[in-house]
Amino acid sequence: MRTVPKATFPSAKAINKMKEKFIQLVTDKPSTAKKLLQGTKASQGHRMLPSKTTVNDEQYGFRIDQGEVQPDGTYNVVIQQNGVPHGPALAKILVDPKVDTESSVIQRIQDAPWGQTSDN
């Protein structure tokens, strides 16, 4: 039986660089933040931001995926390193599209303890 090596967190320096790039992504293209509030059952488990392109993957080094939609309509937004599909989350927040705003979600992602999620 083949063993899959456990993914590990990138270095603190690399995590900080990804966090800076997240800030750049939502600052340079504010309309992209709207996507964080548009989670659906059909898109759970899929990439929300940035769009999947070779350029974006190289530029940002991470992706933001949508978690499972809960019965109350909330869902997690999970930031993961590119190339590590089942690796540890770099950061994770709960989004309530009925209450949250683009700026509140962005602020909570910025304030989240990147590289320290409890479910890894």
# chains A, B, ... in the order shown; residues from 1 in each chain; ligands from 1
>>> residues_around(residues="A:Leu25", least_positions_apart="6", cutoff="9 Å", atoms="only C-alpha atoms", output="short mmCIF file (atom, residue, chain, number, x, y, z; two decimals) with all heavy atoms, in the first residue's frame")
data_model
loop_
_atom_site.label_atom_id
_atom_site.label_comp_id
_atom_site.auth_asym_id
_atom_site.auth_seq_id
_atom_site.Cartn_x
_atom_site.Cartn_y
_atom_site.Cartn_z
N THR A 32 -13.33 41.17 -6.20
CA THR A 32 -13.10 39.76 -5.93
C THR A 32 -13.61 39.36 -4.55
O THR A 32 -13.99 38.22 -4.34
CB THR A 32 -11.60 39.39 -6.04
OG1 THR A 32 -10.87 40.14 -5.09
CG2 THR A 32 -11.06 39.61 -7.42
N ALA A 33 -13.62 40.30 -3.62
CA ALA A 33 -14.08 40.00 -2.26
C ALA A 33 -15.55 39.59 -2.23
O ALA A 33 -15.97 38.84 -1.35
CB ALA A 33 -13.84 41.19 -1.36
N PRO A 50 -7.97 32.92 -5.74
CA PRO A 50 -8.15 33.61 -7.01
C PRO A 50 -8.52 32.59 -8.08
O PRO A 50 -8.40 31.39 -7.86
CB PRO A 50 -6.77 34.22 -7.27
CG PRO A 50 -5.81 33.31 -6.59
CD PRO A 50 -6.56 32.78 -5.39
N TYR A 60 0.27 34.04 -6.38
CA TYR A 60 -0.24 34.05 -5.01
C TYR A 60 0.26 32.89 -4.15
O TYR A 60 0.48 33.06 -2.96
CB TYR A 60 -1.77 34.11 -5.01
CG TYR A 60 -2.28 35.38 -5.62
CD1 TYR A 60 -2.85 35.39 -6.88
CD2 TYR A 60 -2.15 36.59 -4.96
CE1 TYR A 60 -3.30 36.56 -7.46
CE2 TYR A 60 -2.60 37.77 -5.53
CZ TYR A 60 -3.16 37.75 -6.79
OH TYR A 60 -3.59 38.92 -7.34
#
>>> select_by_dssp(residues="chain A", states="strand (DSSP E)", output="ChimeraX atom specification")
/A:47-49,62-66,75-81,89-95
>>> closest_residue(among="A:Ala42, A:Ala91, A:Lys52, A:Val99", to="A:Asp72", atoms="only C-alpha atoms")
A:Val99
>>> closest_residue(among="A:Lys92, A:Lys13, A:Arg108, A:Lys35", to="A:Met48", atoms="only C-alpha atoms")
A:Lys35
>>> select_by_dssp(residues="stretch 6-95 of chain A", states="helix (DSSP H, G or I)", output="PyMOL selection string")
chain A and resi 12-28+30-37+41-43+54-60
>>> write_last_selection(atoms="N, CA and C atoms", output="CSV table (one decimal), in the first residue's frame")
chain,number,residue,atom,x,y,z
A,12,ALA,N,7.2,30.3,8.3
A,12,ALA,CA,6.5,31.5,8.8
A,12,ALA,C,6.7,32.6,7.7
A,13,LYS,N,7.9,32.7,7.2
A,13,LYS,CA,8.2,33.7,6.2
A,13,LYS,C,7.3,33.6,4.9
A,14,ALA,N,7.1,32.3,4.5
A,14,ALA,CA,6.3,32.0,3.3
A,14,ALA,C,4.8,32.3,3.6
A,15,ILE,N,4.4,32.0,4.8
A,15,ILE,CA,3.0,32.3,5.2
A,15,ILE,C,2.8,33.8,5.3
A,16,ASN,N,3.7,34.5,5.8
A,16,ASN,CA,3.5,36.0,5.8
A,16,ASN,C,3.5,36.6,4.4
A,17,LYS,N,4.3,36.0,3.5
A,17,LYS,CA,4.2,36.5,2.1
A,17,LYS,C,2.9,36.2,1.5
A,18,MET,N,2.3,35.0,1.8
A,18,MET,CA,1.0,34.7,1.2
A,18,MET,C,-0.1,35.6,1.8
A,19,LYS,N,0.0,35.9,3.1
A,19,LYS,CA,-0.9,36.8,3.7
A,19,LYS,C,-0.8,38.2,3.0
A,20,GLU,N,0.4,38.7,2.8
A,20,GLU,CA,0.5,40.0,2.1
A,20,GLU,C,-0.1,39.9,0.7
A,21,LYS,N,0.1,38.8,0.0
A,21,LYS,CA,-0.5,38.6,-1.3
A,21,LYS,C,-2.0,38.6,-1.3
A,22,PHE,N,-2.6,38.0,-0.2
A,22,PHE,CA,-4.0,38.0,0.0
A,22,PHE,C,-4.5,39.5,0.0
A,23,ILE,N,-3.8,40.3,0.9
A,23,ILE,CA,-4.2,41.7,1.0
A,23,ILE,C,-4.1,42.4,-0.3
A,24,GLN,N,-3.0,42.1,-1.1
A,24,GLN,CA,-2.8,42.7,-2.4
A,24,GLN,C,-4.0,42.3,-3.3
A,25,LEU,N,-4.4,41.0,-3.3
A,25,LEU,CA,-5.5,40.5,-4.2
A,25,LEU,C,-6.8,41.2,-3.9
A,26,VAL,N,-7.2,41.4,-2.7
A,26,VAL,CA,-8.4,42.1,-2.4
A,26,VAL,C,-8.4,43.6,-2.5
A,27,THR,N,-7.1,44.1,-2.4
A,27,THR,CA,-7.0,45.6,-2.5
A,27,THR,C,-6.9,46.0,-4.0
A,28,ASP,N,-6.2,45.2,-4.8
A,28,ASP,CA,-6.1,45.5,-6.2
A,28,ASP,C,-7.4,45.2,-7.0
A,30,PRO,N,-11.0,44.9,-5.6
A,30,PRO,CA,-12.0,44.8,-4.6
A,30,PRO,C,-13.2,44.0,-4.9
A,31,SER,N,-13.6,43.9,-6.2
A,31,SER,CA,-14.8,43.1,-6.6
A,31,SER,C,-14.6,41.6,-6.3
A,32,THR,N,-13.3,41.2,-6.2
A,32,THR,CA,-13.1,39.8,-5.9
A,32,THR,C,-13.6,39.4,-4.6
A,33,ALA,N,-13.6,40.3,-3.6
A,33,ALA,CA,-14.1,40.0,-2.3
A,33,ALA,C,-15.5,39.6,-2.2
A,34,LYS,N,-16.3,40.0,-3.2
A,34,LYS,CA,-17.8,39.7,-3.3
A,34,LYS,C,-17.9,38.2,-3.3
A,35,LYS,N,-17.0,37.5,-4.0
A,35,LYS,CA,-17.0,36.1,-4.2
A,35,LYS,C,-17.0,35.3,-2.8
A,36,LEU,N,-16.4,35.9,-1.8
A,36,LEU,CA,-16.3,35.3,-0.5
A,36,LEU,C,-17.7,35.2,0.2
A,37,LEU,N,-18.6,36.0,-0.3
A,37,LEU,CA,-20.0,36.0,0.3
A,37,LEU,C,-21.0,35.3,-0.6
A,41,LYS,N,-24.2,25.6,-2.1
A,41,LYS,CA,-24.0,24.1,-1.9
A,41,LYS,C,-23.3,23.6,-3.2
A,42,ALA,N,-23.5,24.1,-4.3
A,42,ALA,CA,-22.9,23.6,-5.5
A,42,ALA,C,-21.4,23.9,-5.6
A,43,SER,N,-21.0,24.9,-4.9
A,43,SER,CA,-19.5,25.3,-4.9
A,43,SER,C,-18.8,24.9,-3.7
A,54,THR,N,-2.5,29.5,-14.3
A,54,THR,CA,-1.0,29.3,-14.0
A,54,THR,C,-0.4,30.6,-13.4
A,55,VAL,N,-0.8,31.7,-14.0
A,55,VAL,CA,-0.3,33.0,-13.5
A,55,VAL,C,-0.7,33.3,-12.0
A,56,ASN,N,-2.0,33.1,-11.7
A,56,ASN,CA,-2.4,33.3,-10.4
A,56,ASN,C,-1.8,32.3,-9.4
A,57,ASP,N,-1.7,31.0,-9.8
A,57,ASP,CA,-1.1,30.1,-8.9
A,57,ASP,C,0.4,30.4,-8.6
A,58,GLU,N,1.1,30.9,-9.6
A,58,GLU,CA,2.5,31.3,-9.3
A,58,GLU,C,2.6,32.6,-8.5
A,59,GLN,N,1.7,33.5,-8.8
A,59,GLN,CA,1.7,34.9,-8.2
A,59,GLN,C,1.3,34.8,-6.7
A,60,TYR,N,0.3,34.0,-6.4
A,60,TYR,CA,-0.2,34.0,-5.0
A,60,TYR,C,0.3,32.9,-4.2
>>> atom_distance(atom1="atom CA of A:Pro10", atom2="atom CA of A:Ala112")
16.3 Å
>>> closest_residue(among="A:Arg63, A:Pro71, A:Thr101, A:Val95", to="A:Gly83", atoms="only C-alpha atoms")
A:Arg63
>>> residues_around(residues="stretch 75-81 of chain A", least_positions_apart="5", cutoff="8 Å", atoms="only C-alpha atoms", output="PyMOL selection string")
chain A and resi 36+39+61-70+87-96
